[in-house]
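Source file: data_12.cif (mmCIF, C-alpha atoms)
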data_entry
#
loop_
_atom_site.label_atom_id
_atom_site.label_comp_id
_atom_site.auth_asym_id
_atom_site.auth_seq_id
_atom_site.Cartn_x
_atom_site.Cartn_y
_atom_site.Cartn_z
CA MET A 1 89.27 -22.06 157.74
CA ALA A 2 90.47 -24.75 160.14
CA SER A 3 93.79 -26.27 159.04
CA ASN A 4 92.46 -29.78 159.65
CA ARG A 5 89.38 -29.30 157.45
CA THR A 6 88.58 -32.03 154.94
CA PHE A 7 86.27 -32.53 151.99
CA THR A 8 84.25 -35.74 151.77
CA LEU A 9 84.53 -37.49 148.41
CA ALA A 10 81.75 -39.50 146.80
CA THR A 11 83.35 -42.64 148.26
CA GLY A 12 83.18 -41.22 151.78
CA ALA A 13 86.94 -40.72 151.94
CA LYS A 14 88.23 -37.49 153.49
CA LEU A 15 90.50 -35.33 151.32
CA PRO A 16 92.47 -32.71 153.30
CA ALA A 17 91.39 -29.22 152.29
CA LEU A 18 95.01 -28.06 152.13
CA GLY A 19 98.00 -29.95 150.83
CA LEU A 20 101.55 -29.24 149.72
CA GLY A 21 102.25 -28.80 146.02
CA THR A 22 105.66 -29.99 144.77
CA TRP A 23 105.87 -28.73 141.17
CA LYS A 24 109.13 -26.90 140.37
CA SER A 25 110.68 -28.07 143.65
CA THR A 26 114.15 -29.57 143.33
CA PRO A 27 114.78 -32.91 145.08
CA ASP A 28 116.94 -31.43 147.83
CA LYS A 29 114.51 -28.60 148.58
CA VAL A 30 111.36 -30.69 148.27
CA LYS A 31 112.63 -33.22 150.78
CA GLU A 32 113.02 -30.55 153.43
CA ALA A 33 109.73 -28.91 152.41
CA VAL A 34 107.81 -32.17 152.85
CA LYS A 35 109.46 -32.75 156.22
CA VAL A 36 108.43 -29.28 157.41
CA ALA A 37 104.93 -29.71 156.01
CA LEU A 38 104.34 -33.01 157.75
CA GLU A 39 105.75 -31.64 161.02
CA THR A 40 103.40 -28.66 160.68
CA GLY A 41 100.36 -30.87 160.23
CA TYR A 42 99.88 -31.22 156.49
CA ARG A 43 98.63 -34.65 155.52
CA HIS A 44 98.21 -34.24 151.76
CA ILE A 45 101.28 -34.21 149.50
CA ASP A 46 100.70 -33.72 145.77
CA CYS A 47 103.30 -35.35 143.52
CA ALA A 48 104.01 -36.29 139.91
CA PRO A 49 106.82 -38.28 138.27
CA VAL A 50 107.38 -35.54 135.70
CA TYR A 51 108.42 -33.25 138.56
CA CYS A 52 111.49 -35.50 138.93
CA ASN A 53 111.41 -35.43 142.74
CA GLU A 54 109.23 -38.35 143.88
CA ALA A 55 112.17 -40.32 145.29
CA ALA A 56 113.10 -37.39 147.54
CA ILE A 57 109.47 -37.05 148.64
CA GLY A 58 109.40 -40.75 149.45
CA GLU A 59 112.45 -40.36 151.68
CA ALA A 60 110.82 -37.47 153.52
CA ILE A 61 107.60 -39.43 154.04
CA ILE A 62 109.50 -42.38 155.51
CA GLN A 63 111.62 -40.17 157.75
CA SER A 64 108.56 -38.32 159.04
CA GLN A 65 107.22 -41.48 160.65
CA VAL A 66 103.66 -40.23 160.15
CA PRO A 67 101.44 -43.36 159.98
CA ARG A 68 100.49 -44.18 156.40
CA ASP A 69 96.77 -44.22 157.14
CA GLN A 70 97.01 -40.57 158.25
CA LEU A 71 98.46 -39.45 154.90
CA TRP A 72 96.86 -38.60 151.58
CA ILE A 73 99.36 -39.00 148.74
CA THR A 74 98.42 -37.92 145.22
CA SER A 75 100.41 -38.63 142.09
CA LYS A 76 99.79 -38.48 138.36
CA LEU A 77 100.20 -40.51 135.20
CA TRP A 78 102.35 -38.59 132.74
CA CYS A 79 101.25 -38.12 129.13
CA THR A 80 103.86 -40.51 127.70
CA GLU A 81 102.34 -43.40 129.64
CA TYR A 82 98.74 -43.30 128.37
CA HIS A 83 98.76 -46.51 126.35
CA PRO A 84 97.00 -49.06 128.57
CA LYS A 85 100.03 -51.35 128.73
CA ASP A 86 102.11 -48.52 130.22
CA VAL A 87 99.72 -47.48 133.00
CA LEU A 88 100.48 -50.18 135.57
CA PRO A 89 104.29 -50.01 135.16
CA ALA A 90 104.19 -46.21 135.50
CA CYS A 91 102.10 -46.44 138.66
CA GLU A 92 104.39 -49.08 140.12
CA GLN A 93 107.45 -46.91 139.44
CA THR A 94 105.80 -44.03 141.30
CA LEU A 95 104.98 -46.33 144.21
CA LYS A 96 108.59 -47.55 144.27
CA ASP A 97 109.96 -44.00 144.22
CA LEU A 98 107.57 -42.84 146.95
CA GLN A 99 108.19 -46.04 148.96
CA LEU A 100 104.45 -46.69 149.21
CA ASP A 101 102.18 -49.70 148.78
CA TYR A 102 99.31 -47.64 147.37
CA LEU A 103 98.31 -44.12 146.35
CA ASP A 104 95.28 -42.35 147.74
CA LEU A 105 94.71 -40.57 144.43
CA TYR A 106 96.11 -41.07 140.91
CA LEU A 107 95.34 -38.56 138.19
CA LEU A 108 95.61 -38.36 134.42
CA HIS A 109 97.95 -35.37 134.24
CA TRP A 110 96.59 -33.79 131.02
CA PRO A 111 93.83 -34.66 128.50
CA PHE A 112 96.31 -35.53 125.72
CA ALA A 113 99.17 -37.94 125.14
CA PHE A 114 102.77 -37.65 123.93
CA LEU A 115 104.73 -40.13 121.86
CA LYS A 116 107.11 -41.99 124.15
CA GLU A 117 110.87 -41.97 123.56
CA GLY A 118 112.25 -45.44 124.30
CA ASP A 119 111.42 -47.16 127.58
CA GLN A 120 112.19 -44.33 129.99
CA CYS A 121 109.17 -43.06 131.88
CA CYS A 122 108.09 -39.46 131.20
CA THR A 123 110.40 -39.00 128.19
CA ALA A 124 108.59 -37.75 125.07
CA LYS A 125 109.76 -37.84 121.47
CA ARG A 126 110.66 -34.35 120.26
CA ASP A 127 110.18 -32.69 116.90
CA SER A 128 112.82 -30.64 115.08
CA ASN A 129 111.93 -27.65 117.27
CA GLY A 130 112.43 -29.62 120.47
CA LYS A 131 108.73 -29.78 121.29
CA PRO A 132 107.04 -33.02 122.42
CA GLN A 133 105.09 -34.85 119.74
CA LEU A 134 101.43 -35.63 120.35
CA ASP A 135 100.33 -39.25 120.23
CA THR A 136 97.00 -39.22 118.40
CA THR A 137 96.59 -43.00 118.63
CA VAL A 138 95.75 -42.88 122.34
CA ASN A 139 92.11 -43.33 123.32
CA LEU A 140 91.55 -41.71 126.72
CA ALA A 141 88.62 -44.04 127.39
CA GLU A 142 91.01 -46.99 127.16
CA THR A 143 93.55 -45.22 129.35
CA TRP A 144 90.80 -44.67 131.90
CA LYS A 145 89.94 -48.37 131.90
CA ALA A 146 93.55 -49.10 132.78
CA MET A 147 93.29 -46.53 135.59
CA GLU A 148 90.17 -48.29 136.85
CA GLU A 149 92.11 -51.55 136.89
CA LEU A 150 94.62 -49.96 139.27
CA VAL A 151 91.76 -49.48 141.74
CA HIS A 152 90.75 -53.12 141.37
CA LEU A 153 94.38 -54.17 141.94
CA GLY A 154 94.63 -52.09 145.11
CA LYS A 155 97.42 -49.93 143.71
CA VAL A 156 95.34 -46.76 144.11
CA LYS A 157 92.26 -45.91 146.15
CA HIS A 158 90.86 -43.14 143.94
CA ILE A 159 91.38 -41.99 140.38
CA GLY A 160 90.79 -38.63 138.79
CA VAL A 161 91.95 -36.13 136.23
CA ALA A 162 93.99 -32.95 136.00
CA ASN A 163 93.65 -30.07 133.55
CA PHE A 164 90.47 -31.40 131.93
CA ASN A 165 87.73 -29.01 130.87
CA VAL A 166 83.99 -29.66 131.22
CA ALA A 167 83.56 -31.23 127.79
CA GLN A 168 86.53 -33.54 128.32
CA LEU A 169 85.20 -34.58 131.71
CA GLN A 170 81.78 -35.28 130.21
CA ASP A 171 83.29 -37.48 127.52
CA LEU A 172 85.34 -39.42 130.06
CA ILE A 173 82.43 -39.92 132.46
CA ALA A 174 80.19 -41.19 129.66
CA GLY A 175 82.33 -44.31 129.24
CA ALA A 176 83.59 -44.71 132.79
CA THR A 177 82.78 -47.46 135.26
CA ILE A 178 84.50 -45.54 138.04
CA LYS A 179 83.74 -41.83 137.98
CA PRO A 180 86.64 -39.41 138.57
CA ALA A 181 86.79 -38.62 142.28
CA VAL A 182 88.79 -35.43 141.83
CA CYS A 183 89.50 -32.88 139.11
CA GLN A 184 92.70 -30.92 139.66
CA ALA A 185 93.16 -27.69 137.72
CA GLU A 186 94.57 -24.22 138.07
CA GLY A 187 92.48 -22.23 140.50
CA HIS A 188 93.09 -18.84 142.11
CA LEU A 189 91.55 -15.38 142.29
CA TYR A 190 92.66 -14.52 138.73
CA CYS A 191 91.70 -17.94 137.37
CA GLN A 192 88.52 -18.81 139.25
CA ASN A 193 87.53 -21.56 136.81
CA THR A 194 83.90 -21.07 137.81
CA LYS A 195 82.34 -23.17 135.04
CA LEU A 196 84.55 -26.15 135.83
CA VAL A 197 84.17 -25.79 139.60
CA GLU A 198 80.38 -25.66 139.33
CA TYR A 199 80.28 -28.64 136.98
CA CYS A 200 82.42 -30.68 139.37
CA GLN A 201 80.24 -29.76 142.32
CA ALA A 202 77.11 -30.78 140.41
CA GLN A 203 78.71 -34.11 139.52
CA GLY A 204 80.04 -34.92 142.99
CA ILE A 205 83.64 -34.48 141.82
CA GLN A 206 85.97 -32.66 144.19
CA PHE A 207 87.81 -29.73 142.62
CA LEU A 208 91.46 -29.49 143.68
CA ALA A 209 93.14 -26.17 142.90
CA TYR A 210 96.80 -25.97 142.03
CA GLY A 211 98.53 -22.59 142.04
CA PRO A 212 95.99 -21.15 144.53
CA LEU A 213 98.30 -18.20 145.22
CA GLY A 214 99.13 -17.51 141.61
CA THR A 215 102.88 -17.46 141.05
CA SER A 216 105.77 -15.10 141.54
CA PHE A 217 107.17 -15.64 138.03
CA CYS A 218 104.23 -13.92 136.31
CA SER A 219 104.08 -10.16 135.79
CA THR A 220 100.62 -9.97 137.35
CA HIS A 221 100.77 -11.01 141.00
CA VAL A 222 97.60 -12.38 142.57
CA LEU A 223 98.85 -11.58 146.07
CA ALA A 224 99.25 -7.91 145.18
CA ASN A 225 95.58 -7.45 144.34
CA PRO A 226 94.20 -4.37 146.18
CA ILE A 227 90.96 -6.05 147.25
CA LEU A 228 92.87 -9.02 148.61
CA LEU A 229 95.30 -6.75 150.45
CA GLN A 230 92.47 -4.69 151.96
CA ILE A 231 90.81 -7.83 153.34
CA ALA A 232 94.17 -9.10 154.59
CA SER A 233 94.71 -5.84 156.45
CA SER A 234 91.23 -5.81 157.97
CA THR A 235 91.50 -9.42 159.15
CA GLN A 236 95.15 -9.13 160.26
CA ARG A 237 96.15 -12.02 158.02
CA THR A 238 98.55 -12.30 155.09
CA ALA A 239 97.33 -12.07 151.51
CA ALA A 240 98.19 -15.75 151.05
CA GLN A 241 96.07 -16.76 154.05
CA VAL A 242 93.10 -14.81 152.71
CA ALA A 243 93.48 -16.35 149.23
CA LEU A 244 93.58 -19.85 150.69
CA ALA A 245 90.61 -19.18 152.97
CA TRP A 246 88.64 -18.03 149.91
CA ALA A 247 89.60 -21.17 147.99
CA VAL A 248 88.52 -23.53 150.75
CA GLN A 249 85.32 -21.66 151.63
CA ARG A 250 84.17 -21.84 148.01
CA GLY A 251 84.45 -25.62 148.29
CA THR A 252 87.74 -26.25 146.54
CA ALA A 253 90.68 -28.08 148.08
CA ALA A 254 94.05 -26.44 147.40
CA ILE A 255 97.72 -27.37 147.17
CA PRO A 256 99.87 -24.26 147.63
CA LYS A 257 103.50 -24.85 146.69
CA SER A 258 106.43 -23.57 148.71
CA VAL A 259 109.86 -24.75 149.82
CA THR A 260 110.22 -21.92 152.37
CA PRO A 261 109.53 -23.25 155.89
CA ASP A 262 107.89 -20.07 157.22
CA ARG A 263 105.54 -19.87 154.22
CA ILE A 264 104.69 -23.55 154.45
CA ARG A 265 103.66 -23.02 158.06
CA GLU A 266 101.87 -19.74 157.36
CA ASN A 267 99.75 -21.30 154.62
CA PHE A 268 98.61 -24.10 156.91
CA GLN A 269 98.21 -22.34 160.24
CA ASN A 270 95.18 -20.36 159.21
CA ASP A 271 91.87 -20.23 161.06
CA LEU A 272 90.44 -17.37 159.01
CA VAL A 273 86.73 -17.45 158.14
CA LEU A 274 85.72 -14.85 155.57
CA SER A 275 82.36 -13.10 155.72
CA PRO A 276 79.85 -13.53 152.87
CA GLU A 277 80.62 -9.95 151.83
CA GLN A 278 84.36 -10.64 151.71
CA MET A 279 83.78 -13.83 149.71
CA SER A 280 81.67 -11.86 147.23
CA GLN A 281 84.27 -9.12 146.92
CA LEU A 282 86.95 -11.67 146.06
CA ALA A 283 84.73 -13.58 143.64
CA ALA A 284 84.01 -10.32 141.83
CA ILE A 285 87.67 -9.64 141.00
CA THR A 286 87.78 -9.15 137.23
CA THR A 287 91.50 -9.60 136.50
CA LYS A 288 92.05 -12.74 134.42
CA MET A 289 95.32 -14.67 134.25
CA ARG A 290 96.39 -18.25 133.69
CA VAL A 291 99.83 -19.42 134.72
CA CYS A 292 99.87 -22.78 133.00
CA ILE A 293 99.14 -22.38 129.27
CA PRO A 294 100.98 -25.10 127.32
CA TYR A 295 99.62 -24.46 123.83
CA ASP A 296 102.87 -23.22 122.29
CA THR A 297 105.25 -25.13 124.55
CA TRP A 298 103.69 -28.48 123.69
CA ASN A 299 102.13 -27.86 120.27
CA ILE A 300 98.61 -28.23 121.64
CA PRO A 301 95.87 -26.90 119.32
CA LYS A 302 94.77 -23.55 120.73
CA GLY A 303 91.31 -23.35 122.24
CA THR A 304 91.15 -27.05 123.14
CA LEU A 305 92.00 -27.01 126.84
CA PHE A 306 90.17 -24.45 128.94
CA ASP A 307 86.61 -23.33 129.61
CA ASP A 308 87.45 -19.62 129.86
#
As structure tokens, the full file:
Amino acid sequence: MASNRTFTLATGAKLPALGLGTWKSTPDKVKEAVKVALETGYRHIDCAPVYCNEAAIGEAIIQSQVPRDQLWITSKLWCTEYHPKDVLPACEQTLKDLQLDYLDLYLLHWPFAFLKEGDQCCTAKRDSNGKPQLDTTVNLAETWKAMEELVHLGKVKHIGVANFNVAQLQDLIAGATIKPAVCQAEGHLYCQNTKLVEYCQAQGIQFLAYGPLGTSFCSTHVLANPILLQIASSTQRTAAQVALAWAVQRGTAAIPKSVTPDRIRENFQNDLVLSPEQMSQLAAITTKMRVCIPYDTWNIPKGTLFDD
């Protein structure tokens, strides 16, 4: 897996195969992480206003002095901003925070909306239990039209979705003028998301995996898998490098998150090419685990989000 590998989108644009994820990164740490990433050679930074760190990322981008046309910057529309009138102001706030004139990719963050609390971006109304309240008046088809208008206005170059399942993607595509360029979702050895990945590939939609290394705050650690460790040993690579090579070789871009300089560099500086047998061994791992399951946290009806 060459660190400068890209995937060609339906538009002909080149999406870097590896980027830096910034979820759960505090502003002070993310600023340094982005600086290290850009110095290392990363050119894709994945952001979102709900992460509360876009201003710090913007400072790092400016200070890096990497030419804008060499960067791929992704951000997302948060679920409180799905009414069409709120889409452009939300995008413009992200552009202001990131100190950019345009985004390369702008995603609907989840396939549902929250009631908005006041005028503050990303602030949802809460119920008596402190959970965000769903906004059932939002029509995602209308939200998507407002996203399409951002392309026409030159605010964003590509639009896509995050955390949609196959049925939700099908519904969105049916009424779309501009087809989603990218579908971002959880993707790693314990959450291979095969049905969604295959659907995206058939539709010419690039799958972008977040959490490609799993996460350290779950009891089941992807990077401790025996098959993964055996391949890492035989190839003289780290488990993380093998997991990322698997992700990219199966045709999915990935955005590993780290704020540790050595790990940021390790994830990117990786020329490993796995054999067909090694790819098959990893694909055959039977352990199942999702990290991001918001049903209870956000009062989402169970069984409505995922394909597995």
Any idea what the distance is between CA of Cys191 (chain A) and CA of Met289 (chain A)?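 It comes out at 5.8 Å.
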Using only C-alpha atoms, which residue out of A:Val242, A:Ile300, A:Val161, A:Ala33 lies closest to Asn53 (chain A)?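 Ranked by minimum distance to Asn53 (chain A), first place goes to A:Ala33.
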Between A:Gln236, A:Gln168, A:Gln201, A:Asn4, which one has atoms that come closest to His44 (chain A), using all atoms listed in the file?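 Smallest distance to His44 (chain A) is found for A:Asn4.
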Which residues match the PyMOL selection byres ((chain A and resi 46) around 12) in the file above, as a PDB file with C-alpha atoms, in the coordinates of the input?
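As written to disk, out-v3.pdb reads:
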ATOM      1  CA  LEU A  15      90.500 -35.330 151.320  1.00  0.00           C
ATOM      2  CA  PRO A  16      92.470 -32.710 153.300  1.00  0.00           C
ATOM      3  CA  LEU A  18      95.010 -28.060 152.130  1.00  0.00           C
ATOM      4  CA  GLY A  19      98.000 -29.950 150.830  1.00  0.00           C
ATOM      5  CA  LEU A  20     101.550 -29.240 149.720  1.00  0.00           C
ATOM      6  CA  GLY A  21     102.250 -28.800 146.020  1.00  0.00           C
ATOM      7  CA  THR A  22     105.660 -29.990 144.770  1.00  0.00           C
ATOM      8  CA  TRP A  23     105.870 -28.730 141.170  1.00  0.00           C
ATOM      9  CA  SER A  25     110.680 -28.070 143.650  1.00  0.00           C
ATOM     10  CA  VAL A  30     111.360 -30.690 148.270  1.00  0.00           C
ATOM     11  CA  VAL A  34     107.810 -32.170 152.850  1.00  0.00           C
ATOM     12  CA  ALA A  37     104.930 -29.710 156.010  1.00  0.00           C
ATOM     13  CA  TYR A  42      99.880 -31.220 156.490  1.00  0.00           C
ATOM     14  CA  ARG A  43      98.630 -34.650 155.520  1.00  0.00           C
ATOM     15  CA  HIS A  44      98.210 -34.240 151.760  1.00  0.00           C
ATOM     16  CA  ILE A  45     101.280 -34.210 149.500  1.00  0.00           C
ATOM     17  CA  CYS A  47     103.300 -35.350 143.520  1.00  0.00           C
ATOM     18  CA  ALA A  48     104.010 -36.290 139.910  1.00  0.00           C
ATOM     19  CA  PRO A  49     106.820 -38.280 138.270  1.00  0.00           C
ATOM     20  CA  TYR A  51     108.420 -33.250 138.560  1.00  0.00           C
ATOM     21  CA  ASN A  53     111.410 -35.430 142.740  1.00  0.00           C
ATOM     22  CA  GLU A  54     109.230 -38.350 143.880  1.00  0.00           C
ATOM     23  CA  ILE A  57     109.470 -37.050 148.640  1.00  0.00           C
ATOM     24  CA  GLY A  58     109.400 -40.750 149.450  1.00  0.00           C
ATOM     25  CA  LEU A  71      98.460 -39.450 154.900  1.00  0.00           C
ATOM     26  CA  TRP A  72      96.860 -38.600 151.580  1.00  0.00           C
ATOM     27  CA  ILE A  73      99.360 -39.000 148.740  1.00  0.00           C
ATOM     28  CA  THR A  74      98.420 -37.920 145.220  1.00  0.00           C
ATOM     29  CA  SER A  75     100.410 -38.630 142.090  1.00  0.00           C
ATOM     30  CA  LYS A  76      99.790 -38.480 138.360  1.00  0.00           C
ATOM     31  CA  LEU A  98     107.570 -42.840 146.950  1.00  0.00           C
ATOM     32  CA  LEU A 103      98.310 -44.120 146.350  1.00  0.00           C
ATOM     33  CA  ASP A 104      95.280 -42.350 147.740  1.00  0.00           C
ATOM     34  CA  LEU A 105      94.710 -40.570 144.430  1.00  0.00           C
ATOM     35  CA  TYR A 106      96.110 -41.070 140.910  1.00  0.00           C
ATOM     36  CA  LEU A 107      95.340 -38.560 138.190  1.00  0.00           C
ATOM     37  CA  HIS A 109      97.950 -35.370 134.240  1.00  0.00           C
ATOM     38  CA  ALA A 162      93.990 -32.950 136.000  1.00  0.00           C
ATOM     39  CA  GLN A 184      92.700 -30.920 139.660  1.00  0.00           C
ATOM     40  CA  LEU A 208      91.460 -29.490 143.680  1.00  0.00           C
ATOM     41  CA  ALA A 209      93.140 -26.170 142.900  1.00  0.00           C
ATOM     42  CA  TYR A 210      96.800 -25.970 142.030  1.00  0.00           C
ATOM     43  CA  GLY A 211      98.530 -22.590 142.040  1.00  0.00           C
ATOM     44  CA  ALA A 253      90.680 -28.080 148.080  1.00  0.00           C
ATOM     45  CA  ALA A 254      94.050 -26.440 147.400  1.00  0.00           C
ATOM     46  CA  ILE A 255      97.720 -27.370 147.170  1.00  0.00           C
ATOM     47  CA  PRO A 256      99.870 -24.260 147.630  1.00  0.00           C
ATOM     48  CA  LYS A 257     103.500 -24.850 146.690  1.00  0.00           C
TER      49      LYS A 257
END
I'd like the contact shell of Asn193 (chain A) - 12 Å cut-off, only C-alpha atoms, skipping same-chain residues fewer than 3 positions apart - returned as an mmCIF file with C-alpha atoms, in the coordinates of the input.
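part35.cif written:
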data_model
loop_
_atom_site.group_PDB
_atom_site.id
_atom_site.type_symbol
_atom_site.label_atom_id
_atom_site.label_comp_id
_atom_site.auth_asym_id
_atom_site.auth_seq_id
_atom_site.Cartn_x
_atom_site.Cartn_y
_atom_site.Cartn_z
ATOM 1 C CA ASN A 163 93.650 -30.070 133.550
ATOM 2 C CA PHE A 164 90.470 -31.400 131.930
ATOM 3 C CA ASN A 165 87.730 -29.010 130.870
ATOM 4 C CA VAL A 166 83.990 -29.660 131.220
ATOM 5 C CA CYS A 183 89.500 -32.880 139.110
ATOM 6 C CA GLN A 184 92.700 -30.920 139.660
ATOM 7 C CA ALA A 185 93.160 -27.690 137.720
ATOM 8 C CA GLU A 186 94.570 -24.220 138.070
ATOM 9 C CA GLY A 187 92.480 -22.230 140.500
ATOM 10 C CA HIS A 188 93.090 -18.840 142.110
ATOM 11 C CA LEU A 189 91.550 -15.380 142.290
ATOM 12 C CA TYR A 190 92.660 -14.520 138.730
ATOM 13 C CA LEU A 196 84.550 -26.150 135.830
ATOM 14 C CA VAL A 197 84.170 -25.790 139.600
ATOM 15 C CA GLU A 198 80.380 -25.660 139.330
ATOM 16 C CA TYR A 199 80.280 -28.640 136.980
ATOM 17 C CA CYS A 200 82.420 -30.680 139.370
ATOM 18 C CA PHE A 207 87.810 -29.730 142.620
ATOM 19 C CA LEU A 208 91.460 -29.490 143.680
ATOM 20 C CA ALA A 209 93.140 -26.170 142.900
ATOM 21 C CA TYR A 210 96.800 -25.970 142.030
ATOM 22 C CA PRO A 212 95.990 -21.150 144.530
ATOM 23 C CA ALA A 247 89.600 -21.170 147.990
ATOM 24 C CA ARG A 250 84.170 -21.840 148.010
ATOM 25 C CA THR A 252 87.740 -26.250 146.540
ATOM 26 C CA ALA A 283 84.730 -13.580 143.640
ATOM 27 C CA LYS A 288 92.050 -12.740 134.420
ATOM 28 C CA MET A 289 95.320 -14.670 134.250
ATOM 29 C CA ARG A 290 96.390 -18.250 133.690
ATOM 30 C CA PHE A 306 90.170 -24.450 128.940
ATOM 31 C CA ASP A 307 86.610 -23.330 129.610
ATOM 32 C CA ASP A 308 87.450 -19.620 129.860
#
Who sits within 12 Å of His83 (chain A), only C-alpha atoms, same chain under 5 positions skipped, as a list of chain:residue names: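 Near neighbours after the sequence-gap exclusion: A:Leu77, A:Trp78, A:Leu88, A:Pro89, A:Ala90, A:Leu108, A:Phe112, A:Ala113, A:Phe114, A:Leu115, A:Lys116, A:Asp135, A:Thr136, A:Thr137, A:Val138, A:Asn139, A:Leu140, A:Ala141, A:Glu142, A:Thr143, A:Trp144, A:Lys145, A:Ala146, A:Met147.
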Would you save the residues of that selection, restricted to C-alpha atoms, as a PDB file, in the frame of the given file?
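Writing the result to out-v5.pdb gives the following:
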ATOM      1  CA  LEU A  77     100.200 -40.510 135.200  1.00  0.00           C
ATOM      2  CA  TRP A  78     102.350 -38.590 132.740  1.00  0.00           C
ATOM      3  CA  LEU A  88     100.480 -50.180 135.570  1.00  0.00           C
ATOM      4  CA  PRO A  89     104.290 -50.010 135.160  1.00  0.00           C
ATOM      5  CA  ALA A  90     104.190 -46.210 135.500  1.00  0.00           C
ATOM      6  CA  LEU A 108      95.610 -38.360 134.420  1.00  0.00           C
ATOM      7  CA  PHE A 112      96.310 -35.530 125.720  1.00  0.00           C
ATOM      8  CA  ALA A 113      99.170 -37.940 125.140  1.00  0.00           C
ATOM      9  CA  PHE A 114     102.770 -37.650 123.930  1.00  0.00           C
ATOM     10  CA  LEU A 115     104.730 -40.130 121.860  1.00  0.00           C
ATOM     11  CA  LYS A 116     107.110 -41.990 124.150  1.00  0.00           C
ATOM     12  CA  ASP A 135     100.330 -39.250 120.230  1.00  0.00           C
ATOM     13  CA  THR A 136      97.000 -39.220 118.400  1.00  0.00           C
ATOM     14  CA  THR A 137      96.590 -43.000 118.630  1.00  0.00           C
ATOM     15  CA  VAL A 138      95.750 -42.880 122.340  1.00  0.00           C
ATOM     16  CA  ASN A 139      92.110 -43.330 123.320  1.00  0.00           C
ATOM     17  CA  LEU A 140      91.550 -41.710 126.720  1.00  0.00           C
ATOM     18  CA  ALA A 141      88.620 -44.040 127.390  1.00  0.00           C
ATOM     19  CA  GLU A 142      91.010 -46.990 127.160  1.00  0.00           C
ATOM     20  CA  THR A 143      93.550 -45.220 129.350  1.00  0.00           C
ATOM     21  CA  TRP A 144      90.800 -44.670 131.900  1.00  0.00           C
ATOM     22  CA  LYS A 145      89.940 -48.370 131.900  1.00  0.00           C
ATOM     23  CA  ALA A 146      93.550 -49.100 132.780  1.00  0.00           C
ATOM     24  CA  MET A 147      93.290 -46.530 135.590  1.00  0.00           C
TER      25      MET A 147
END
Name the residues that the PyMOL selection byres ((chain A and resi 63) around 12) picks from the file above, as JSON, numbers by chain, using the file's chain letters and numbers. {"A": [31, 32, 34, 35, 36, 38, 39, 56, 57, 58, 59, 60, 61, 62, 64, 65, 66, 67, 68, 98, 99]}
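Here CA of Val151 (chain A) is placed at a distance of 9.6 Å from CA of Tyr102 (chain A).
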Which distance in Å separates CA of Gln241 (chain A) and CA of Lys195 (chain A), to one decimal? 24.3 Å
Expected residue set, 10 Å radius at (103.3, -31.5, 120.1), all atoms listed in the file, as an MDAnalysis selection string: chainID A and resid 112:115 124:127 129:135 294:301
